[in-house]
Amino acid sequence: MLAERRHQLILRALRSGGPAAVTDLSEQLGVSPATIRRDLVRLEEEGLLTRVHGGAVVDEGDQPFAEVAEVRVAEKDAIAARAASMVRDGQSVLLDIGTTAYRLARQLHGRRLTVITSNLVVYEELADDEGIELVLLGGMVRREYRSLVGFLTEDNLRQLHADWLFLGTSGVRPGGQVMDTTVVEVPVKRAMIKASDKVVLLADSAKFPGTGMARVCGPRELDVVVTNTPVDGTTCSSFEEAGVEVVTT
């Protein structure tokens, strides 16, 4: 296999699954661990990934929505179904950007709810559902990730209140810190947290620890975490100390 092709496959694996070990990448690509290590050094020199102990990770803020939407769909649907069951008719729901929030929106059809979002795919999914009062936040369009951001989005959120926020993440650190890969999204997420009574983090298995250089919030700002994987002991302890309920699908 040509080095260029290997590099493409390594980056694709890291983007879709979070951090990956050298041994895992070696097995996936059918080459030696030494070859993978050389590839990782080259890709790090080009600024395309960061090497960590035993493997590598990609911090990418603008990975296209369509690409992410095809990854771990069954996991996201299980999380979305459990999250949807928490909401009662007549309540207001704030949906974050991201693909898991979109899968959750698909679970809300036929309900009598108010849905507030900066997620354009959520808006498109629910626009024709007459039972749902739909509020689209204003802002600057991030076309590749199908979201609205900026001071207009934050101003809109200061004028609104929601019973529930379903929050996405790029990664959750062992201390329970919720992270994001894109700095421009962080102020919007923080404004969403302030506008909501209950904050529910939606995090599939790839988000522990996942990626992200920008801190969104700590565990004390969360009420519930819905995931499809057993949470590691350190992270679970951080959630317990903060009074966060962890729900596993």
# chains A, B, ... in the order shown; residues from 1 in each chain; ligands from 1
call {"tool": "residues_around", "arguments": {"residues": "Gln28 in chain A", "least_positions_apart": "5", "cutoff": "12 Å", "atoms": "only C-alpha atoms", "output": "list of chain:residue names"}}
result
A:Arg6, A:Leu9, A:Ile10, A:Arg12, A:Ala13, A:Leu14, A:Ala20, A:Ala21, A:Val22, A:Thr23, A:Pro33, A:Ile36
call {"tool": "write_last_selection", "arguments": {"atoms": "all heavy atoms", "output": "mmCIF file, in the first residue's frame"}}
result
data_model
loop_
_atom_site.group_PDB
_atom_site.id
_atom_site.type_symbol
_atom_site.label_atom_id
_atom_site.label_comp_id
_atom_site.auth_asym_id
_atom_site.auth_seq_id
_atom_site.Cartn_x
_atom_site.Cartn_y
_atom_site.Cartn_z
ATOM 1 N N ARG A 6 -2.049 5.028 2.907
ATOM 2 C CA ARG A 6 -2.043 4.697 4.333
ATOM 3 C C ARG A 6 -2.365 5.925 5.169
ATOM 4 O O ARG A 6 -3.124 5.852 6.126
ATOM 5 C CB ARG A 6 -0.669 4.151 4.755
ATOM 6 C CG ARG A 6 -0.413 2.709 4.441
ATOM 7 C CD ARG A 6 0.693 2.142 5.316
ATOM 8 N NE ARG A 6 1.859 3.010 5.447
ATOM 9 C CZ ARG A 6 2.857 3.079 4.578
ATOM 10 N NH1 ARG A 6 2.827 2.314 3.491
ATOM 11 N NH2 ARG A 6 3.875 3.888 4.789
ATOM 12 N N LEU A 9 -6.040 6.624 5.186
ATOM 13 C CA LEU A 9 -6.787 5.660 5.998
ATOM 14 C C LEU A 9 -6.559 5.877 7.495
ATOM 15 O O LEU A 9 -7.479 5.706 8.298
ATOM 16 C CB LEU A 9 -6.403 4.235 5.598
ATOM 17 C CG LEU A 9 -6.814 3.806 4.180
ATOM 18 C CD1 LEU A 9 -6.249 2.429 3.845
ATOM 19 C CD2 LEU A 9 -8.326 3.826 4.022
ATOM 20 N N ILE A 10 -5.341 6.242 7.867
ATOM 21 C CA ILE A 10 -5.054 6.532 9.276
ATOM 22 C C ILE A 10 -5.887 7.731 9.740
ATOM 23 O O ILE A 10 -6.522 7.683 10.805
ATOM 24 C CB ILE A 10 -3.551 6.807 9.471
ATOM 25 C CG1 ILE A 10 -2.749 5.513 9.344
ATOM 26 C CG2 ILE A 10 -3.288 7.452 10.842
ATOM 27 C CD1 ILE A 10 -1.248 5.724 9.254
ATOM 28 N N ARG A 12 -8.634 8.890 8.466
ATOM 29 C CA ARG A 12 -10.059 8.537 8.469
ATOM 30 C C ARG A 12 -10.405 7.744 9.725
ATOM 31 O O ARG A 12 -11.441 7.976 10.364
ATOM 32 C CB ARG A 12 -10.399 7.718 7.222
ATOM 33 C CG ARG A 12 -11.875 7.360 7.119
ATOM 34 C CD ARG A 12 -12.154 6.559 5.858
ATOM 35 N NE ARG A 12 -11.828 7.320 4.665
ATOM 36 C CZ ARG A 12 -11.856 6.812 3.430
ATOM 37 N NH1 ARG A 12 -12.184 5.531 3.249
ATOM 38 N NH2 ARG A 12 -11.561 7.568 2.393
ATOM 39 N N ALA A 13 -9.540 6.804 10.109
ATOM 40 C CA ALA A 13 -9.791 6.001 11.312
ATOM 41 C C ALA A 13 -9.806 6.868 12.561
ATOM 42 O O ALA A 13 -10.659 6.702 13.443
ATOM 43 C CB ALA A 13 -8.719 4.913 11.439
ATOM 44 N N LEU A 14 -8.894 7.813 12.654
ATOM 45 C CA LEU A 14 -8.827 8.694 13.821
ATOM 46 C C LEU A 14 -10.022 9.629 13.880
ATOM 47 O O LEU A 14 -10.559 9.912 14.947
ATOM 48 C CB LEU A 14 -7.525 9.496 13.798
ATOM 49 C CG LEU A 14 -6.239 8.686 13.996
ATOM 50 C CD1 LEU A 14 -5.017 9.556 13.740
ATOM 51 C CD2 LEU A 14 -6.187 8.098 15.391
ATOM 52 N N ALA A 20 -6.512 6.316 18.550
ATOM 53 C CA ALA A 20 -6.282 4.930 18.127
ATOM 54 C C ALA A 20 -4.857 4.528 18.477
ATOM 55 O O ALA A 20 -3.926 5.331 18.377
ATOM 56 C CB ALA A 20 -6.531 4.778 16.631
ATOM 57 N N ALA A 21 -4.690 3.278 18.872
ATOM 58 C CA ALA A 21 -3.379 2.750 19.225
ATOM 59 C C ALA A 21 -2.644 2.313 17.970
ATOM 60 O O ALA A 21 -3.250 1.932 16.966
ATOM 61 C CB ALA A 21 -3.530 1.569 20.181
ATOM 62 N N VAL A 22 -1.309 2.340 18.063
ATOM 63 C CA VAL A 22 -0.475 1.890 16.951
ATOM 64 C C VAL A 22 -0.819 0.456 16.574
ATOM 65 O O VAL A 22 -0.937 0.123 15.387
ATOM 66 C CB VAL A 22 1.020 2.007 17.328
ATOM 67 C CG1 VAL A 22 1.890 1.270 16.307
ATOM 68 C CG2 VAL A 22 1.430 3.471 17.414
ATOM 69 N N THR A 23 -1.010 -0.401 17.571
ATOM 70 C CA THR A 23 -1.313 -1.814 17.280
ATOM 71 C C THR A 23 -2.630 -1.972 16.530
ATOM 72 O O THR A 23 -2.733 -2.798 15.612
ATOM 73 C CB THR A 23 -1.366 -2.622 18.586
ATOM 74 O OG1 THR A 23 -2.263 -1.961 19.500
ATOM 75 C CG2 THR A 23 0.011 -2.721 19.223
ATOM 76 N N PRO A 33 3.819 -2.338 12.993
ATOM 77 C CA PRO A 33 3.746 -1.201 13.911
ATOM 78 C C PRO A 33 4.812 -0.146 13.622
ATOM 79 O O PRO A 33 4.564 1.053 13.776
ATOM 80 C CB PRO A 33 3.962 -1.843 15.287
ATOM 81 C CG PRO A 33 3.461 -3.244 15.120
ATOM 82 C CD PRO A 33 3.852 -3.628 13.717
ATOM 83 N N ILE A 36 3.586 2.102 10.920
ATOM 84 C CA ILE A 36 2.572 3.019 11.448
ATOM 85 C C ILE A 36 3.234 4.148 12.232
ATOM 86 O O ILE A 36 2.858 5.325 12.103
ATOM 87 C CB ILE A 36 1.565 2.270 12.339
ATOM 88 C CG1 ILE A 36 0.737 1.293 11.506
ATOM 89 C CG2 ILE A 36 0.651 3.257 13.070
ATOM 90 C CD1 ILE A 36 -0.157 1.945 10.469
#
call {"tool": "select_by_dssp", "arguments": {"residues": "range 9-244 of chain A", "states": "strand (DSSP E)", "output": "PyMOL selection string"}}
result
chain A and resi 20-21+50-52+55-57+92-95+113-117+132-136+140-142+147-149+162-167+171-172+178-180+196-202+214-217+224-227
call {"tool": "closest_residue", "arguments": {"among": "A:Leu94, A:Val141, A:Val149, A:Val41", "to": "Met192 in chain A", "atoms": "only C-alpha atoms"}}
result
A:Leu94
call {"tool": "residues_around", "arguments": {"residues": "Leu43 in chain A", "least_positions_apart": "5", "cutoff": "9 Å", "atoms": "only C-alpha atoms", "output": "PyMOL selection string"}}
result
chain A and resi 7+11+38+48-50
call {"tool": "write_last_selection", "arguments": {"atoms": "N, CA and C atoms", "output": "compact mmCIF listing (two decimals), in the first residue's frame"}}
result
# COMPACT_ATOMS: atom_id res chain seq x y z
N HIS A 7 -1.79 7.05 4.81
CA HIS A 7 -2.02 8.28 5.57
C HIS A 7 -3.50 8.67 5.54
N LEU A 11 -5.91 8.79 8.96
CA LEU A 11 -6.67 9.99 9.33
C LEU A 11 -8.15 9.69 9.40
N ARG A 38 6.20 5.44 11.85
CA ARG A 38 6.80 6.38 10.89
C ARG A 38 5.73 7.25 10.23
N LEU A 48 -1.26 17.28 10.95
CA LEU A 48 -2.55 16.62 10.71
C LEU A 48 -3.03 15.78 11.89
N LEU A 49 -2.16 15.51 12.85
CA LEU A 49 -2.56 14.75 14.05
C LEU A 49 -1.59 15.06 15.18
N THR A 50 -1.92 14.53 16.35
CA THR A 50 -1.05 14.65 17.52
C THR A 50 -0.75 13.26 18.03
call {"tool": "atom_distance", "arguments": {"atom1": "CA of Val115 in chain A", "atom2": "CA of Trp164 in chain A"}}
result
9.6 Å
call {"tool": "closest_residue", "arguments": {"among": "A:Lys76, A:Arg42, A:Arg88, A:Arg220", "to": "Ala242 in chain A", "atoms": "only C-alpha atoms"}}
result
A:Arg220
call {"tool": "atom_distance", "arguments": {"atom1": "CA of Gly243 in chain A", "atom2": "CA of Pro174 in chain A"}}
result
15.6 Å
call {"tool": "atom_distance", "arguments": {"atom1": "CA of Ala81 in chain A", "atom2": "CA of Thr117 in chain A"}}
result
18.3 Å
call {"tool": "residues_around", "arguments": {"residues": "Leu202 in chain A", "least_positions_apart": "3", "cutoff": "7 Å", "atoms": "only C-alpha atoms", "output": "JSON, numbers by chain"}}
result
{"A": [79, 166, 167, 168, 225, 226, 227]}
call {"tool": "select_by_dssp", "arguments": {"residues": "range 99-216 of chain A", "states": "alpha helix (DSSP H)", "output": "number ranges by chain"}}
result
A: 99-106, 120-126, 151-158, 186-194
call {"tool": "residues_around", "arguments": {"residues": "Ser85 in chain A", "least_positions_apart": "3", "cutoff": "12 Å", "atoms": "only C-alpha atoms", "output": "PyMOL selection string"}}
result
chain A and resi 78-82+88-89+104+107-108+111+226+247+249
call {"tool": "closest_residue", "arguments": {"among": "A:Thr114, A:Asn156, A:Thr234, A:Thr169", "to": "Asp96 in chain A", "atoms": "only C-alpha atoms"}}
result
A:Thr169
